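Here the structure is laid out as structure tokens; the discussion comes afterwards.
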Amino acid sequence: MVSAVKFPQPNQHNVVQNQQSHTFAIGVVSTLFFLFGFITCLNDILVPHLKEVFNLSNTEASMVQFTFFGAYFLISIPASKLISKFGYKSSFIVGLALTTLGCLSFFISADFMIYTFFLGGLFILASGIVILQVAANPYLTILGGPEKASSRLIFAQGLNSLGTTLAPLLGSRILSDTNPADGIVKTQEELIKAAHAVEIPYLGLAAFAILIAVALAFYKFPANKPAKSTLTSHEESQFKLFDYPSLVMGVIGIFVYVGAEVSIGSIMVNFISSPEIGNMSHQKAAQLLAYYWGGAMVGRFIGAYVTTKVKPHKVLFVHAVAAALLVTVTVFATGHLAMYSIIAVGFFNSIMFPTIFVLCTQSLGKYMEKASGIICVAIVGGALIPPLQAFVVDHMNIHISYVVPLLCYLYIAFFALKVKSKV
């Protein structure tokens, strides 16, 4: 009788190692979401601050968001090519280097006291953020099984929201401490002091970006090369955007979502500080802005669990309808009702970006990275929709201007009905 031979099972050990490696990689990349969340939301404090320093109209001040999110339109496709050629790790390091350079450029901008110099430095910073985001979204999607891809992205977006929650609190305190007591810049000395105030938070962000870049340099990434790097030239030529209707609809969905979220955040400090709404200083209004982004953070951590139990497209539809209803209340209401209704929209923004991303890319396979670049181009909505709402504010009134994000949320609800979850 021949006894059964018990072979060793190295595959089980490898599976455990791979799972641990993926978990660590997810944690490292998710940290990047905190960084670009903090920087993106700091723009909401920068807009009213520079508006005061340079005596700008609402439309002129909105050029901060136009410049920042305009980088997504110009840099997203080159970023996807960078990832395909050099891999995720190198792309993350390049993105962090540009982010650091952009943050440090504010020291030069403050010395020259020219608004366009601030915008130039902001564009360099934004270019780094674009590269990070174009790489981070598909990287988190491919690590682990597809059934939890939406949950992983929502969790990472929760860390993004932690950054967006802390940015108004820290930014408003730093800027208010360097402004005159009444918050209004009058003399040349006060102007110079207020301009140099923006250096402080960006210096801290530069140091944080450098630390992450150094850590990444010594870490070996699992699945570092994207699937797109294996495409033949024939396969490249075969990809046509309009052959994928769900992707087209998702690109529009990302455009209007980012536009609505950024537009609401950009104008919120001025809105809730106005006499007929909150009747408070910009500093106090900026602190309330933290609740808008904090709501998104709470919603994302909750959504990371809910979307493992409920089909993501159903969750997206409920959130879009709720956001549309709250914005409608803001259009017609005044006082604290209008203030708290617009703040509450942040909670329902929470799961929109990662859920739209997953829904519109769920059948793309080897074209995932190409699609990610196209989707990130759509983030240019954050550059175009805020100036549109600001234009309505300047030429009509701030309440009517909220019709702009209202239309955005109605489209997202439509998208959720048309594009169903496949996992």
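A note on labels: chains of the structure tokens are A, B, ... as shown, every chain counts residues from 1, and ligands are counted from 1 in their shown order.
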Report task. Can you pull out every residue within 9 Å of A:Gly102, counting only C-alpha atoms, but drop anything in the same chain fewer than 6 positions away, and send it as a PyMOL selection string? Result -> chain A and resi 120-128+202+206
Could those selected residues go to a file with N, CA, C and O atoms, as a PDB file, in the first residue's frame?
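result-v7.pdb, freshly written:
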ATOM      1  N   GLY A 120      -0.041  80.858 -11.210  1.00  0.00           N
ATOM      2  CA  GLY A 120       0.979  80.030 -11.861  1.00  0.00           C
ATOM      3  C   GLY A 120       1.510  78.944 -10.934  1.00  0.00           C
ATOM      4  O   GLY A 120       1.660  77.780 -11.325  1.00  0.00           O
ATOM      5  N   GLY A 121       1.815  79.330  -9.690  1.00  0.00           N
ATOM      6  CA  GLY A 121       2.277  78.349  -8.716  1.00  0.00           C
ATOM      7  C   GLY A 121       1.213  77.316  -8.423  1.00  0.00           C
ATOM      8  O   GLY A 121       1.510  76.126  -8.247  1.00  0.00           O
ATOM      9  N   LEU A 122      -0.022  77.766  -8.374  1.00  0.00           N
ATOM     10  CA  LEU A 122      -1.142  76.860  -8.121  1.00  0.00           C
ATOM     11  C   LEU A 122      -1.282  75.836  -9.247  1.00  0.00           C
ATOM     12  O   LEU A 122      -1.617  74.672  -9.013  1.00  0.00           O
ATOM     13  N   PHE A 123      -0.998  76.258 -10.485  1.00  0.00           N
ATOM     14  CA  PHE A 123      -1.085  75.324 -11.619  1.00  0.00           C
ATOM     15  C   PHE A 123      -0.019  74.238 -11.513  1.00  0.00           C
ATOM     16  O   PHE A 123      -0.290  73.060 -11.796  1.00  0.00           O
ATOM     17  N   ILE A 124       1.192  74.600 -11.101  1.00  0.00           N
ATOM     18  CA  ILE A 124       2.256  73.599 -10.921  1.00  0.00           C
ATOM     19  C   ILE A 124       1.850  72.595  -9.842  1.00  0.00           C
ATOM     20  O   ILE A 124       1.979  71.377 -10.008  1.00  0.00           O
ATOM     21  N   LEU A 125       1.346  73.126  -8.728  1.00  0.00           N
ATOM     22  CA  LEU A 125       0.881  72.277  -7.639  1.00  0.00           C
ATOM     23  C   LEU A 125      -0.222  71.332  -8.127  1.00  0.00           C
ATOM     24  O   LEU A 125      -0.198  70.129  -7.855  1.00  0.00           O
ATOM     25  N   ALA A 126      -1.185  71.898  -8.850  1.00  0.00           N
ATOM     26  CA  ALA A 126      -2.308  71.107  -9.343  1.00  0.00           C
ATOM     27  C   ALA A 126      -1.850  70.019 -10.314  1.00  0.00           C
ATOM     28  O   ALA A 126      -2.414  68.919 -10.336  1.00  0.00           O
ATOM     29  N   SER A 127      -0.820  70.292 -11.104  1.00  0.00           N
ATOM     30  CA  SER A 127      -0.306  69.295 -12.044  1.00  0.00           C
ATOM     31  C   SER A 127       0.182  68.059 -11.300  1.00  0.00           C
ATOM     32  O   SER A 127      -0.027  66.917 -11.738  1.00  0.00           O
ATOM     33  N   GLY A 128       0.850  68.289 -10.165  1.00  0.00           N
ATOM     34  CA  GLY A 128       1.288  67.163  -9.341  1.00  0.00           C
ATOM     35  C   GLY A 128       0.120  66.383  -8.789  1.00  0.00           C
ATOM     36  O   GLY A 128       0.114  65.143  -8.780  1.00  0.00           O
ATOM     37  N   TYR A 202       1.146  76.022   3.059  1.00  0.00           N
ATOM     38  CA  TYR A 202       1.745  75.344   1.911  1.00  0.00           C
ATOM     39  C   TYR A 202       3.151  74.844   2.209  1.00  0.00           C
ATOM     40  O   TYR A 202       3.610  73.871   1.611  1.00  0.00           O
ATOM     41  N   ALA A 206       4.278  70.992   1.679  1.00  0.00           N
ATOM     42  CA  ALA A 206       5.489  70.616   0.940  1.00  0.00           C
ATOM     43  C   ALA A 206       6.300  69.597   1.737  1.00  0.00           C
ATOM     44  O   ALA A 206       6.791  68.605   1.190  1.00  0.00           O
TER      45      ALA A 206
END
Query raised in the report: If we count only C-alpha atoms, what is near stretch 385-396 of chain A at a cut-off of 6 Å, once residues fewer than 2 positions away on the same chain are taken out, given as a ChimeraX atom specification?
Result: /A:58-59,62,259,263,381-382,398,401
Requested in this report: Find, counting only C-alpha atoms, the residue in A:Ala344, A:Leu32, A:Ala338, A:Ile83 that gets nearest to A:Ala323.
Outcome: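 Using only C-alpha atoms, A:Ala323 sits closest to A:Ala344.
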Query raised in the report: Do you have the atom CA of A:Tyr291-atom CA of A:Val318 distance handy?
Result: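 So the answer is 20.7 Å.
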Query raised in the report: Which residue out of A:Gly171, A:Gly373, A:Gly346, A:Gly95 has the minimum interatomic distance to A:Ala322 when only C-alpha atoms are used?
Result: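 The shortest atom-to-atom distance to A:Ala322 comes from A:Gly346.
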Query raised in the report: With only C-alpha atoms as the basis for distance, which of A:Thr328, A:Arg300, A:Leu50, A:Asn279 is at the shortest distance from A:Ile114?
Result: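 Between A:Thr328, A:Arg300, A:Leu50, A:Asn279, the residue approaching A:Ile114 most closely is A:Leu50.
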